[in-house]
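What follows is the content of protein.csv (CSV, C-alpha atoms).
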chain,number,residue,atom,x,y,z
A,145,MET,CA,20.7,26.6,10.3
A,146,THR,CA,24.0,27.5,8.6
A,147,HIS,CA,27.2,25.7,9.4
A,148,PRO,CA,30.3,27.7,10.3
A,149,LYS,CA,32.7,28.5,7.5
A,150,VAL,CA,36.3,27.2,7.8
A,151,LEU,CA,38.7,30.1,8.0
A,152,SER,CA,42.3,30.1,6.8
A,153,ASP,CA,45.0,30.2,9.4
A,154,GLU,CA,45.7,33.9,8.5
A,155,GLN,CA,42.0,34.8,9.1
A,156,ARG,CA,42.0,33.0,12.4
A,157,MET,CA,45.1,34.8,13.5
A,158,ASN,CA,43.6,38.2,12.6
A,159,LEU,CA,40.4,37.4,14.6
A,160,TRP,CA,42.4,36.2,17.6
A,161,SER,CA,44.7,39.2,17.5
A,162,GLU,CA,41.7,41.6,17.5
A,163,ALA,CA,40.1,39.8,20.4
A,164,CYS,CA,43.2,39.6,22.5
A,165,LYS,CA,44.8,43.0,22.3
A,166,PRO,CA,47.2,44.1,23.7
A,167,GLU,CA,48.7,40.6,24.2
A,168,ARG,CA,49.9,39.1,20.9
A,169,PRO,CA,49.3,35.3,20.8
A,170,THR,CA,51.4,33.0,18.7
A,171,ARG,CA,50.1,31.5,15.5
A,172,ASP,CA,49.8,28.0,17.1
A,173,MET,CA,47.7,29.4,19.9
A,174,VAL,CA,45.3,31.1,17.4
A,175,CYS,CA,45.0,28.0,15.3
A,176,ALA,CA,44.3,25.7,18.3
A,177,TYR,CA,41.7,28.1,19.6
A,178,ALA,CA,39.9,28.4,16.3
A,179,ARG,CA,39.9,24.6,15.8
A,180,ALA,CA,38.5,24.1,19.2
A,181,ILE,CA,35.7,26.6,18.5
A,182,GLU,CA,34.9,25.0,15.1
A,183,SER,CA,34.8,21.5,16.7
A,184,ALA,CA,32.5,22.7,19.5
A,185,THR,CA,30.2,24.4,17.1
A,186,LEU,CA,30.0,21.4,14.8
A,187,GLU,CA,29.2,19.2,17.8
A,188,ALA,CA,26.5,21.5,18.9
A,189,VAL,CA,25.0,21.5,15.4
A,190,ALA,CA,25.1,17.7,15.3
A,191,LYS,CA,23.2,17.5,18.6
A,192,GLN,CA,20.4,19.7,17.5
A,193,GLU,CA,17.1,17.9,16.8
A,194,PRO,CA,15.8,18.3,13.2
A,195,PRO,CA,12.7,20.4,12.8
A,196,PRO,CA,9.4,18.5,13.0
A,197,MET,CA,8.2,17.1,9.6
A,198,HIS,CA,5.0,18.5,8.2
A,199,ASN,CA,2.9,16.9,5.4
A,200,ASP,CA,1.7,20.2,4.1
A,201,GLY,CA,4.4,20.4,1.5
A,202,TRP,CA,5.9,23.8,2.6
A,203,LEU,CA,9.6,23.9,2.9
A,204,GLN,CA,11.9,26.7,4.1
A,205,ASP,CA,15.4,27.7,2.8
A,206,GLY,CA,16.5,30.9,4.6
A,207,GLY,CA,14.0,33.6,3.7
A,208,LEU,CA,12.3,31.5,1.0
A,209,LEU,CA,9.2,29.4,1.6
A,210,TYR,CA,8.2,27.1,-1.2
A,211,ARG,CA,6.2,24.0,-2.2
A,212,LEU,CA,7.1,21.6,-5.0
A,213,THR,CA,5.0,19.9,-7.7
A,214,ASP,CA,4.2,16.2,-7.5
A,215,GLY,CA,6.1,14.9,-10.4
A,216,ARG,CA,9.1,12.8,-11.3
A,217,ARG,CA,11.1,16.1,-11.5
A,218,PRO,CA,9.6,18.4,-8.9
A,219,GLU,CA,9.6,22.1,-9.6
A,220,ASN,CA,8.6,25.0,-7.4
A,221,ARG,CA,4.8,25.3,-7.4
A,222,ASP,CA,4.5,28.2,-4.9
A,223,GLU,CA,7.1,30.6,-3.5
A,224,ILE,CA,7.1,33.3,-0.9
A,225,ASN,CA,10.4,35.2,-0.7
A,226,VAL,CA,11.0,37.5,2.2
A,227,THR,CA,13.3,40.2,0.9
A,228,MET,CA,13.2,42.5,4.0
A,229,ALA,CA,12.1,42.2,7.6
A,230,ASP,CA,11.9,45.0,10.1
A,231,GLY,CA,13.9,47.2,7.8
A,232,SER,CA,16.8,44.7,7.5
A,233,ARG,CA,17.9,42.6,4.5
A,234,SER,CA,20.1,40.4,6.7
A,235,PRO,CA,19.7,36.7,6.0
A,236,GLU,CA,19.0,36.1,9.7
A,237,ALA,CA,16.1,38.6,9.8
A,238,ARG,CA,14.7,37.3,6.6
A,239,ALA,CA,14.9,33.6,7.7
A,240,ARG,CA,13.2,34.5,11.1
A,241,ARG,CA,10.4,36.3,9.3
A,242,ALA,CA,9.9,33.5,6.8
A,243,GLY,CA,9.7,31.1,9.8
A,244,GLU,CA,7.0,33.3,11.4
A,245,LEU,CA,5.0,33.3,8.1
A,246,LEU,CA,5.4,29.5,7.8
A,247,ASP,CA,4.0,29.1,11.4
A,248,ARG,CA,1.0,31.3,10.4
A,249,ILE,CA,0.4,29.4,7.2
A,250,ARG,CA,0.4,26.1,9.1
A,251,ALA,CA,-1.9,27.5,11.8
A,252,THR,CA,-4.5,28.5,9.2
A,253,ASN,CA,-4.2,25.6,6.9
A,254,PRO,CA,-3.9,22.4,8.9
A,255,PRO,CA,-2.6,19.4,7.0
A,256,ALA,CA,-5.2,17.1,5.4
A,257,GLN,CA,-6.2,14.0,7.4
A,258,GLN,CA,-4.1,11.0,6.9
A,259,GLU,CA,-7.1,8.7,6.5
A,260,PRO,CA,-9.8,9.4,3.9
A,261,PHE,CA,-13.2,10.4,5.1
A,262,GLY,CA,-14.8,8.3,2.4
A,263,TYR,CA,-14.8,7.4,-1.3
A,264,PHE,CA,-16.8,8.6,-4.2
A,265,LYS,CA,-16.9,8.0,-8.0
A,266,ALA,CA,-18.1,10.1,-10.9
A,267,GLU,CA,-21.5,9.3,-12.4
A,268,PRO,CA,-23.1,10.8,-15.5
A,269,PHE,CA,-25.2,13.1,-13.4
A,270,GLY,CA,-23.0,13.8,-10.3
A,271,TRP,CA,-21.0,11.9,-7.7
A,272,THR,CA,-21.9,8.8,-5.8
A,273,ASP,CA,-20.6,7.4,-2.5
A,274,CYS,CA,-18.9,4.1,-3.0
A,275,ALA,CA,-16.5,1.7,-1.3
A,276,GLU,CA,-12.7,1.9,-1.6
A,277,THR,CA,-12.6,-1.2,-3.7
A,278,ASP,CA,-15.1,0.0,-6.3
A,279,GLU,CA,-13.9,0.7,-9.8
A,280,GLY,CA,-13.1,4.4,-10.2
A,281,ALA,CA,-13.2,5.2,-6.5
A,282,VAL,CA,-11.6,8.5,-5.5
A,283,ALA,CA,-10.6,9.2,-1.8
A,284,LEU,CA,-12.4,12.1,-0.1
A,285,TYR,CA,-10.2,13.8,2.5
A,286,GLU,CA,-12.4,16.6,3.6
A,287,ARG,CA,-15.9,16.4,4.9
A,288,PRO,CA,-18.5,18.1,2.7
A,289,GLN,CA,-19.6,21.5,3.7
A,290,LYS,CA,-23.1,21.7,5.2
A,291,SER,CA,-25.4,23.8,3.0
A,292,ALA,CA,-27.1,26.7,4.7
Can you give me the file's structure in the form of structure tokens?
Amino acid sequence: MTHPKVLSDEQRMNLWSEACKPERPTRDMVCAYARAIESATLEAVAKQEPPPMHNDGWLQDGGLLYRLTDGRRPENRDEINVTMADGSRSPEARARRAGELLDRIRATNPPAQQEPFGYFKAEPFGWTDCAETDEGAVALYERPQKSA
């Protein structure tokens, strides 16, 4: 969501003049009208609920989808940049398509369980189930695949 840009009084006057032909409003009328629109827009933006949080690590900024590394100074780990959507390079079309892609990513890759399925530790000849409190225990978040 982008916030409206603040226009100079001259820009506001030009916009109002174009919208209100043939009547020519005064400069004060134009400024009051533009301020009212800005105020109403900002109030509407403030009332919008934030998008739901996901623990899959994917973030969106316009037409860019990305995930960050887990470090003290996070850097981009994965990026998907939508440069064109339906023949348009407009920021709105690119952001809309990126949102569609993000929905598909989340539908095919559900986030990992919050609680671990179990714990295991490395042994010289493989892995052994263990308790959470055992030395060297590593959390297991996905059930093992059944062998065919």
Please, what distance in Å, to one decimal, runs between atom CA of A:Asp222 and atom CA of A:Ala239? 17.2 Å
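Atom CA of A:Asp214 is found 20.6 Å from atom CA of A:Ala281.
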Residues within 12 Å of A:Glu244, please, as a ChimeraX atom specification. Count only C-alpha atoms; anything in the same chain fewer than 2 positions from it doesn't count. /A:204,206-209,226,229,237-242,246-251
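One distance worth recording is that between atom CA of A:Lys265 and atom CA of A:Glu279, which is 8.1 Å.
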